[in-house]
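Heads up, run.cif below (mmCIF, N, CA and C atoms):
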data_entry
loop_
_atom_site.group_PDB
_atom_site.id
_atom_site.type_symbol
_atom_site.label_atom_id
_atom_site.label_comp_id
_atom_site.auth_asym_id
_atom_site.auth_seq_id
_atom_site.Cartn_x
_atom_site.Cartn_y
_atom_site.Cartn_z
ATOM 1 N N MET A 24 -18.629 -29.828 34.740
ATOM 2 C CA MET A 24 -18.771 -29.485 33.347
ATOM 3 C C MET A 24 -17.479 -29.848 32.614
ATOM 4 N N PRO A 25 -17.560 -30.553 31.478
ATOM 5 C CA PRO A 25 -16.344 -30.966 30.774
ATOM 6 C C PRO A 25 -15.670 -29.773 30.103
ATOM 7 N N PRO A 26 -14.345 -29.826 29.939
ATOM 8 C CA PRO A 26 -13.638 -28.716 29.289
ATOM 9 C C PRO A 26 -13.995 -28.629 27.816
ATOM 10 N N ARG A 27 -14.002 -27.401 27.316
ATOM 11 C CA ARG A 27 -14.304 -27.166 25.909
ATOM 12 C C ARG A 27 -13.057 -27.371 25.061
ATOM 13 N N GLY A 28 -13.256 -27.526 23.795
ATOM 14 C CA GLY A 28 -12.121 -27.647 22.890
ATOM 15 C C GLY A 28 -11.738 -29.091 22.678
ATOM 16 N N LYS A 29 -10.506 -29.276 22.242
ATOM 17 C CA LYS A 29 -10.040 -30.606 21.888
ATOM 18 C C LYS A 29 -9.358 -31.308 23.048
ATOM 19 N N GLY A 30 -9.265 -30.650 24.185
ATOM 20 C CA GLY A 30 -8.690 -31.281 25.354
ATOM 21 C C GLY A 30 -7.183 -31.421 25.298
ATOM 22 N N LYS A 31 -6.507 -30.466 24.688
ATOM 23 C CA LYS A 31 -5.050 -30.532 24.582
ATOM 24 C C LYS A 31 -4.388 -29.590 25.587
ATOM 25 N N GLY A 32 -4.784 -29.624 26.795
ATOM 26 C CA GLY A 32 -4.158 -28.760 27.792
ATOM 27 C C GLY A 32 -5.118 -27.697 28.272
ATOM 28 N N LYS A 33 -4.540 -26.624 28.787
ATOM 29 C CA LYS A 33 -5.344 -25.583 29.403
ATOM 30 C C LYS A 33 -5.559 -24.372 28.502
ATOM 31 N N GLY A 34 -5.308 -24.508 27.201
ATOM 32 C CA GLY A 34 -5.589 -23.402 26.294
ATOM 33 C C GLY A 34 -4.425 -22.453 26.109
ATOM 34 N N ARG A 35 -3.301 -22.742 26.748
ATOM 35 C CA ARG A 35 -2.135 -21.879 26.568
ATOM 36 C C ARG A 35 -1.274 -22.414 25.431
ATOM 37 N N GLY A 36 -0.447 -21.561 24.894
ATOM 38 C CA GLY A 36 0.491 -21.981 23.876
ATOM 39 C C GLY A 36 -0.140 -22.300 22.545
ATOM 40 N N ARG A 37 -1.093 -21.508 22.143
ATOM 41 C CA ARG A 37 -1.709 -21.727 20.830
ATOM 42 C C ARG A 37 -0.701 -21.408 19.735
ATOM 43 N N GLY A 38 -0.744 -22.144 18.681
ATOM 44 C CA GLY A 38 0.160 -21.893 17.570
ATOM 45 C C GLY A 38 1.535 -22.478 17.835
ATOM 46 N N LYS A 39 2.462 -22.094 16.984
ATOM 47 C CA LYS A 39 3.816 -22.618 17.091
ATOM 48 C C LYS A 39 4.626 -21.786 18.080
ATOM 49 N N PRO A 40 5.553 -22.401 18.793
ATOM 50 C CA PRO A 40 6.349 -21.647 19.751
ATOM 51 C C PRO A 40 7.277 -20.653 19.061
ATOM 52 N N GLY A 41 7.503 -19.519 19.706
ATOM 53 C CA GLY A 41 8.404 -18.508 19.180
ATOM 54 C C GLY A 41 7.813 -17.614 18.118
ATOM 55 N N ARG A 42 6.516 -17.688 17.914
ATOM 56 C CA ARG A 42 5.894 -16.849 16.890
ATOM 57 C C ARG A 42 4.994 -15.821 17.547
ATOM 58 N N GLY A 43 5.572 -14.773 18.036
ATOM 59 C CA GLY A 43 4.793 -13.702 18.652
ATOM 60 C C GLY A 43 4.496 -12.625 17.640
ATOM 61 N N ARG A 44 4.252 -11.437 18.120
ATOM 62 C CA ARG A 44 4.006 -10.313 17.229
ATOM 63 C C ARG A 44 5.273 -9.924 16.505
ATOM 64 N N LYS A 45 5.101 -9.380 15.331
ATOM 65 C CA LYS A 45 6.256 -8.903 14.597
ATOM 66 C C LYS A 45 6.789 -7.657 15.293
ATOM 67 N N SER A 46 8.086 -7.481 15.220
ATOM 68 C CA SER A 46 8.677 -6.315 15.857
ATOM 69 C C SER A 46 8.305 -5.068 15.067
ATOM 70 N N SER A 47 8.234 -3.950 15.744
ATOM 71 C CA SER A 47 7.849 -2.707 15.088
ATOM 72 C C SER A 47 9.028 -2.147 14.305
ATOM 73 N N PHE A 48 8.733 -1.252 13.386
ATOM 74 C CA PHE A 48 9.767 -0.660 12.563
ATOM 75 C C PHE A 48 10.537 0.370 13.369
ATOM 76 N N GLY A 49 11.730 0.684 12.912
ATOM 77 C CA GLY A 49 12.570 1.642 13.610
ATOM 78 C C GLY A 49 12.010 3.047 13.563
ATOM 79 N N ARG A 50 11.569 3.473 12.383
ATOM 80 C CA ARG A 50 11.048 4.817 12.228
ATOM 81 C C ARG A 50 9.801 4.793 11.372
ATOM 82 N N ARG A 51 8.846 5.600 11.718
ATOM 83 C CA ARG A 51 7.614 5.680 10.945
ATOM 84 C C ARG A 51 7.853 6.555 9.723
ATOM 85 N N LYS A 52 7.256 6.160 8.584
ATOM 86 C CA LYS A 52 7.397 6.948 7.370
ATOM 87 C C LYS A 52 6.615 8.248 7.511
ATOM 88 N N VAL A 53 7.135 9.287 6.892
ATOM 89 C CA VAL A 53 6.493 10.591 6.939
ATOM 90 C C VAL A 53 5.962 10.901 5.545
ATOM 91 N N CYS A 54 4.771 11.423 5.500
ATOM 92 C CA CYS A 54 4.165 11.797 4.220
ATOM 93 C C CYS A 54 4.993 12.915 3.587
ATOM 94 N N LYS A 55 5.476 12.685 2.366
ATOM 95 C CA LYS A 55 6.344 13.694 1.759
ATOM 96 C C LYS A 55 5.570 14.925 1.314
ATOM 97 N N PHE A 56 4.258 14.783 1.143
ATOM 98 C CA PHE A 56 3.457 15.952 0.789
ATOM 99 C C PHE A 56 3.196 16.838 2.008
ATOM 100 N N CYS A 57 3.076 16.212 3.174
ATOM 101 C CA CYS A 57 2.901 16.996 4.407
ATOM 102 C C CYS A 57 4.227 17.634 4.830
ATOM 103 N N ALA A 58 5.324 16.922 4.614
ATOM 104 C CA ALA A 58 6.632 17.433 5.019
ATOM 105 C C ALA A 58 7.070 18.598 4.139
ATOM 106 N N ASP A 59 6.818 18.505 2.844
ATOM 107 C CA ASP A 59 7.206 19.558 1.919
ATOM 108 C C ASP A 59 5.945 20.152 1.299
ATOM 109 N N LYS A 60 5.539 21.299 1.785
ATOM 110 C CA LYS A 60 4.291 21.925 1.339
ATOM 111 C C LYS A 60 4.366 22.415 -0.110
ATOM 112 N N LYS A 61 5.577 22.515 -0.664
ATOM 113 C CA LYS A 61 5.715 22.989 -2.035
ATOM 114 C C LYS A 61 5.352 21.914 -3.054
ATOM 115 N N LEU A 62 5.403 20.660 -2.653
ATOM 116 C CA LEU A 62 5.034 19.577 -3.564
ATOM 117 C C LEU A 62 3.540 19.621 -3.825
ATOM 118 N N VAL A 63 3.165 19.608 -5.093
ATOM 119 C CA VAL A 63 1.761 19.652 -5.475
ATOM 120 C C VAL A 63 1.451 18.397 -6.276
ATOM 121 N N LEU A 64 0.370 17.768 -5.941
ATOM 122 C CA LEU A 64 -0.057 16.561 -6.631
ATOM 123 C C LEU A 64 -1.066 16.947 -7.702
ATOM 124 N N ASP A 65 -0.738 16.661 -8.958
ATOM 125 C CA ASP A 65 -1.604 17.056 -10.061
ATOM 126 C C ASP A 65 -1.789 15.881 -11.006
ATOM 127 N N TYR A 66 -3.001 15.672 -11.482
ATOM 128 C CA TYR A 66 -3.289 14.545 -12.354
ATOM 129 C C TYR A 66 -2.619 14.694 -13.711
ATOM 130 N N LYS A 67 -2.237 15.917 -14.084
ATOM 131 C CA LYS A 67 -1.618 16.158 -15.382
ATOM 132 C C LYS A 67 -0.139 15.782 -15.413
ATOM 133 N N ASP A 68 0.449 15.585 -14.240
ATOM 134 C CA ASP A 68 1.859 15.216 -14.151
ATOM 135 C C ASP A 68 1.979 13.689 -14.104
ATOM 136 N N GLY A 69 1.935 13.075 -15.264
ATOM 137 C CA GLY A 69 1.940 11.617 -15.356
ATOM 138 C C GLY A 69 3.216 10.984 -14.849
ATOM 139 N N ARG A 70 4.345 11.655 -15.074
ATOM 140 C CA ARG A 70 5.625 11.102 -14.638
ATOM 141 C C ARG A 70 5.691 10.994 -13.113
ATOM 142 N N ALA A 71 5.157 11.972 -12.417
ATOM 143 C CA ALA A 71 5.151 11.925 -10.949
ATOM 144 C C ALA A 71 4.178 10.861 -10.439
ATOM 145 N N LEU A 72 3.057 10.693 -11.142
ATOM 146 C CA LEU A 72 2.071 9.706 -10.716
ATOM 147 C C LEU A 72 2.545 8.278 -10.938
ATOM 148 N N LEU A 73 3.426 8.077 -11.904
ATOM 149 C CA LEU A 73 3.949 6.732 -12.151
ATOM 150 C C LEU A 73 4.785 6.232 -10.982
ATOM 151 N N SER A 74 5.311 7.136 -10.168
ATOM 152 C CA SER A 74 6.081 6.699 -8.999
ATOM 153 C C SER A 74 5.161 6.135 -7.914
ATOM 154 N N PHE A 75 3.860 6.362 -8.020
ATOM 155 C CA PHE A 75 2.898 5.830 -7.055
ATOM 156 C C PHE A 75 2.151 4.619 -7.600
ATOM 157 N N THR A 76 2.632 4.081 -8.713
ATOM 158 C CA THR A 76 2.052 2.861 -9.258
ATOM 159 C C THR A 76 3.152 1.823 -9.430
ATOM 160 N N THR A 77 2.761 0.561 -9.383
ATOM 161 C CA THR A 77 3.722 -0.517 -9.595
ATOM 162 C C THR A 77 3.981 -0.675 -11.088
ATOM 163 N N GLU A 78 4.924 -1.537 -11.427
ATOM 164 C CA GLU A 78 5.196 -1.766 -12.843
ATOM 165 C C GLU A 78 4.030 -2.473 -13.530
ATOM 166 N N ARG A 79 3.153 -3.089 -12.741
ATOM 167 C CA ARG A 79 1.952 -3.722 -13.289
ATOM 168 C C ARG A 79 0.791 -2.741 -13.444
ATOM 169 N N GLY A 80 0.924 -1.538 -12.871
ATOM 170 C CA GLY A 80 -0.111 -0.524 -13.003
ATOM 171 C C GLY A 80 -0.990 -0.349 -11.779
ATOM 172 N N LYS A 81 -0.715 -1.103 -10.712
ATOM 173 C CA LYS A 81 -1.530 -0.979 -9.500
ATOM 174 C C LYS A 81 -1.062 0.217 -8.671
ATOM 175 N N ILE A 82 -1.988 0.828 -7.962
ATOM 176 C CA ILE A 82 -1.663 1.954 -7.096
ATOM 177 C C ILE A 82 -1.000 1.415 -5.836
ATOM 178 N N ILE A 83 0.128 2.015 -5.459
ATOM 179 C CA ILE A 83 0.882 1.557 -4.291
ATOM 180 C C ILE A 83 0.099 1.912 -3.026
ATOM 181 N N PRO A 84 -0.039 0.960 -2.079
ATOM 182 C CA PRO A 84 -0.808 1.243 -0.866
ATOM 183 C C PRO A 84 -0.114 2.245 0.048
ATOM 184 N N ARG A 85 -0.883 2.759 0.963
ATOM 185 C CA ARG A 85 -0.439 3.804 1.864
ATOM 186 C C ARG A 85 0.700 3.358 2.771
ATOM 187 N N ARG A 86 0.648 2.107 3.222
ATOM 188 C CA ARG A 86 1.688 1.620 4.128
ATOM 189 C C ARG A 86 3.038 1.505 3.433
ATOM 190 N N VAL A 87 3.022 1.383 2.094
ATOM 191 C CA VAL A 87 4.267 1.297 1.339
ATOM 192 C C VAL A 87 4.725 2.689 0.913
ATOM 193 N N SER A 88 3.802 3.504 0.406
ATOM 194 C CA SER A 88 4.169 4.824 -0.100
ATOM 195 C C SER A 88 4.515 5.799 1.021
ATOM 196 N N GLY A 89 3.945 5.590 2.203
ATOM 197 C CA GLY A 89 4.229 6.473 3.330
ATOM 198 C C GLY A 89 3.377 7.726 3.342
ATOM 199 N N ALA A 90 2.386 7.810 2.462
ATOM 200 C CA ALA A 90 1.522 8.988 2.413
ATOM 201 C C ALA A 90 0.476 8.922 3.522
ATOM 202 N N CYS A 91 0.035 10.087 3.973
ATOM 203 C CA CYS A 91 -1.039 10.124 4.970
ATOM 204 C C CYS A 91 -2.355 9.793 4.262
ATOM 205 N N ALA A 92 -3.400 9.589 5.025
ATOM 206 C CA ALA A 92 -4.689 9.179 4.456
ATOM 207 C C ALA A 92 -5.234 10.238 3.494
ATOM 208 N N TYR A 93 -5.092 11.502 3.851
ATOM 209 C CA TYR A 93 -5.590 12.591 3.011
ATOM 210 C C TYR A 93 -4.886 12.599 1.660
ATOM 211 N N HIS A 94 -3.562 12.533 1.677
ATOM 212 C CA HIS A 94 -2.814 12.586 0.432
ATOM 213 C C HIS A 94 -2.910 11.283 -0.353
ATOM 214 N N GLN A 95 -3.097 10.152 0.330
ATOM 215 C CA GLN A 95 -3.288 8.897 -0.392
ATOM 216 C C GLN A 95 -4.583 8.936 -1.198
ATOM 217 N N ARG A 96 -5.636 9.547 -0.645
ATOM 218 C CA ARG A 96 -6.876 9.706 -1.402
ATOM 219 C C ARG A 96 -6.654 10.598 -2.615
ATOM 220 N N GLN A 97 -5.869 11.667 -2.436
ATOM 221 C CA GLN A 97 -5.567 12.548 -3.560
ATOM 222 C C GLN A 97 -4.756 11.826 -4.635
ATOM 223 N N ILE A 98 -3.801 10.996 -4.206
ATOM 224 C CA ILE A 98 -3.001 10.208 -5.152
ATOM 225 C C ILE A 98 -3.906 9.282 -5.941
ATOM 226 N N THR A 99 -4.792 8.577 -5.227
ATOM 227 C CA THR A 99 -5.685 7.629 -5.880
ATOM 228 C C THR A 99 -6.585 8.317 -6.893
ATOM 229 N N ASN A 100 -7.179 9.438 -6.515
ATOM 230 C CA ASN A 100 -8.057 10.166 -7.436
ATOM 231 C C ASN A 100 -7.287 10.703 -8.637
ATOM 232 N N ALA A 101 -6.059 11.194 -8.405
ATOM 233 C CA ALA A 101 -5.255 11.726 -9.504
ATOM 234 C C ALA A 101 -4.847 10.617 -10.472
ATOM 235 N N VAL A 102 -4.478 9.448 -9.945
ATOM 236 C CA VAL A 102 -4.090 8.330 -10.804
ATOM 237 C C VAL A 102 -5.286 7.877 -11.632
ATOM 238 N N LYS A 103 -6.442 7.770 -11.005
ATOM 239 C CA LYS A 103 -7.632 7.328 -11.733
ATOM 240 C C LYS A 103 -8.026 8.328 -12.820
ATOM 241 N N LYS A 104 -7.922 9.613 -12.508
ATOM 242 C CA LYS A 104 -8.256 10.645 -13.486
ATOM 243 C C LYS A 104 -7.263 10.626 -14.652
ATOM 244 N N ALA A 105 -5.974 10.435 -14.343
ATOM 245 C CA ALA A 105 -4.952 10.389 -15.387
ATOM 246 C C ALA A 105 -5.125 9.156 -16.263
ATOM 247 N N ARG A 106 -5.593 8.057 -15.680
ATOM 248 C CA ARG A 106 -5.850 6.849 -16.470
ATOM 249 C C ARG A 106 -6.991 7.080 -17.457
ATOM 250 N N VAL A 107 -8.052 7.740 -17.000
ATOM 251 C CA VAL A 107 -9.206 7.993 -17.870
ATOM 252 C C VAL A 107 -8.800 8.892 -19.030
ATOM 253 N N LEU A 108 -7.928 9.869 -18.757
ATOM 254 C CA LEU A 108 -7.484 10.781 -19.805
ATOM 255 C C LEU A 108 -6.310 10.225 -20.610
ATOM 256 N N ALA A 109 -5.928 8.984 -20.353
ATOM 257 C CA ALA A 109 -4.853 8.280 -21.062
ATOM 258 C C ALA A 109 -3.497 8.950 -20.898
ATOM 259 N N LEU A 110 -3.274 9.579 -19.746
ATOM 260 C CA LEU A 110 -1.961 10.157 -19.461
ATOM 261 C C LEU A 110 -1.010 9.099 -18.907
ATOM 262 N N ILE A 111 -1.562 8.116 -18.210
ATOM 263 C CA ILE A 111 -0.788 6.971 -17.742
ATOM 264 C C ILE A 111 -1.574 5.709 -18.096
ATOM 265 N N PRO A 112 -0.879 4.583 -18.284
ATOM 266 C CA PRO A 112 -1.585 3.370 -18.689
ATOM 267 C C PRO A 112 -2.315 2.711 -17.519
ATOM 268 N N TYR A 113 -3.367 1.984 -17.849
ATOM 269 C CA TYR A 113 -4.079 1.205 -16.835
ATOM 270 C C TYR A 113 -3.224 0.029 -16.379
ATOM 271 N N THR A 114 -2.567 -0.625 -17.322
ATOM 272 C CA THR A 114 -1.735 -1.781 -17.016
ATOM 273 C C THR A 114 -0.384 -1.615 -17.693
ATOM 274 N N ALA A 115 0.496 -2.558 -17.393
ATOM 275 C CA ALA A 115 1.806 -2.558 -18.023
ATOM 276 C C ALA A 115 1.674 -2.939 -19.500
ATOM 277 N N THR A 116 2.679 -2.602 -20.261
ATOM 278 C CA THR A 116 2.644 -2.998 -21.664
ATOM 279 C C THR A 116 2.728 -4.504 -21.776
ATOM 280 N N GLN A 117 1.988 -5.065 -22.701
ATOM 281 C CA GLN A 117 1.935 -6.513 -22.840
ATOM 282 C C GLN A 117 3.117 -7.008 -23.655
ATOM 283 N N VAL A 118 3.649 -8.146 -23.232
ATOM 284 C CA VAL A 118 4.741 -8.775 -23.952
ATOM 285 C C VAL A 118 4.134 -9.615 -25.064
ATOM 286 N N PRO A 119 4.598 -9.494 -26.305
ATOM 287 C CA PRO A 119 4.003 -10.272 -27.384
ATOM 288 C C PRO A 119 4.260 -11.766 -27.185
ATOM 289 N N MET A 120 3.258 -12.557 -27.512
ATOM 290 C CA MET A 120 3.369 -14.015 -27.380
ATOM 291 C C MET A 120 4.226 -14.546 -28.535
ATOM 292 N N ALA A 121 5.228 -15.329 -28.212
ATOM 293 C CA ALA A 121 6.111 -15.866 -29.262
ATOM 294 C C ALA A 121 5.945 -17.366 -29.398
#

Once you've parsed the file, please lay out its structure as structure tokens.
Amino acid sequence: MPPRGKGKGKGRGRGKPGRGRKSSFGRRKVCKFCADKKLVLDYKDGRALLSFTTERGKIIPRRVSGACAYHQRQITNAVKKARVLALIPYTATQVPMA
């Protein structure tokens, strides 16, 4: 039976040499809401919610913010609710065209 593929060897060494898995991080981020039980996430606190959005208005992902899945869902719901009530903007302010 003929070998499968393009016939460039025995199938080892796929990709470029020296490109393995990325090294892991030194320390895992800890959810600041789980670490400090006194912190309360509220949709009415627009200033606190702005720290979980980018300057363009996007919600920061969990891997960047360091929040656990439970609190990331709460952040997302609070940001969306605050946007509907116009407490925080949907997008960044637009620069006037000159």

Considering only C-alpha atoms, return as number ranges by chain whatever protein or nucleic-acid residues lie within 12 Å of Arg79 (chain A), sequence-local ones (same chain, fewer than 6 positions apart) excluded. A: 73, 111-117

Got a sec to tell me which of region 62-121 of chain A DSSP assigns to alpha helix (DSSP H), as a ChimeraX atom specification? /A:69-72,85-88,92-107

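Closest approach to Cys91 (chain A) among A:Cys57, A:Arg106, A:Leu62, A:Arg51 is made by A:Cys57 (distances from all atoms listed in the file).
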
Report the distance between CA of Leu110 (chain A) and atom N of Lys67 (chain A) in Å, rounded to one decimal place. 7.9 Å

Could you work out an axis-aligned bounding box for all listed atoms of region 100-105 of chain A, with 6 Å added on each of the six sides, and give its centre and edge lengths in Å to one decimal, as lines of an AutoDock Vina configuration file?
center_x = -6.2
center_y = 9.5
center_z = -11.4
size_x = 16.2
size_y = 16.4
size_z = 21.7
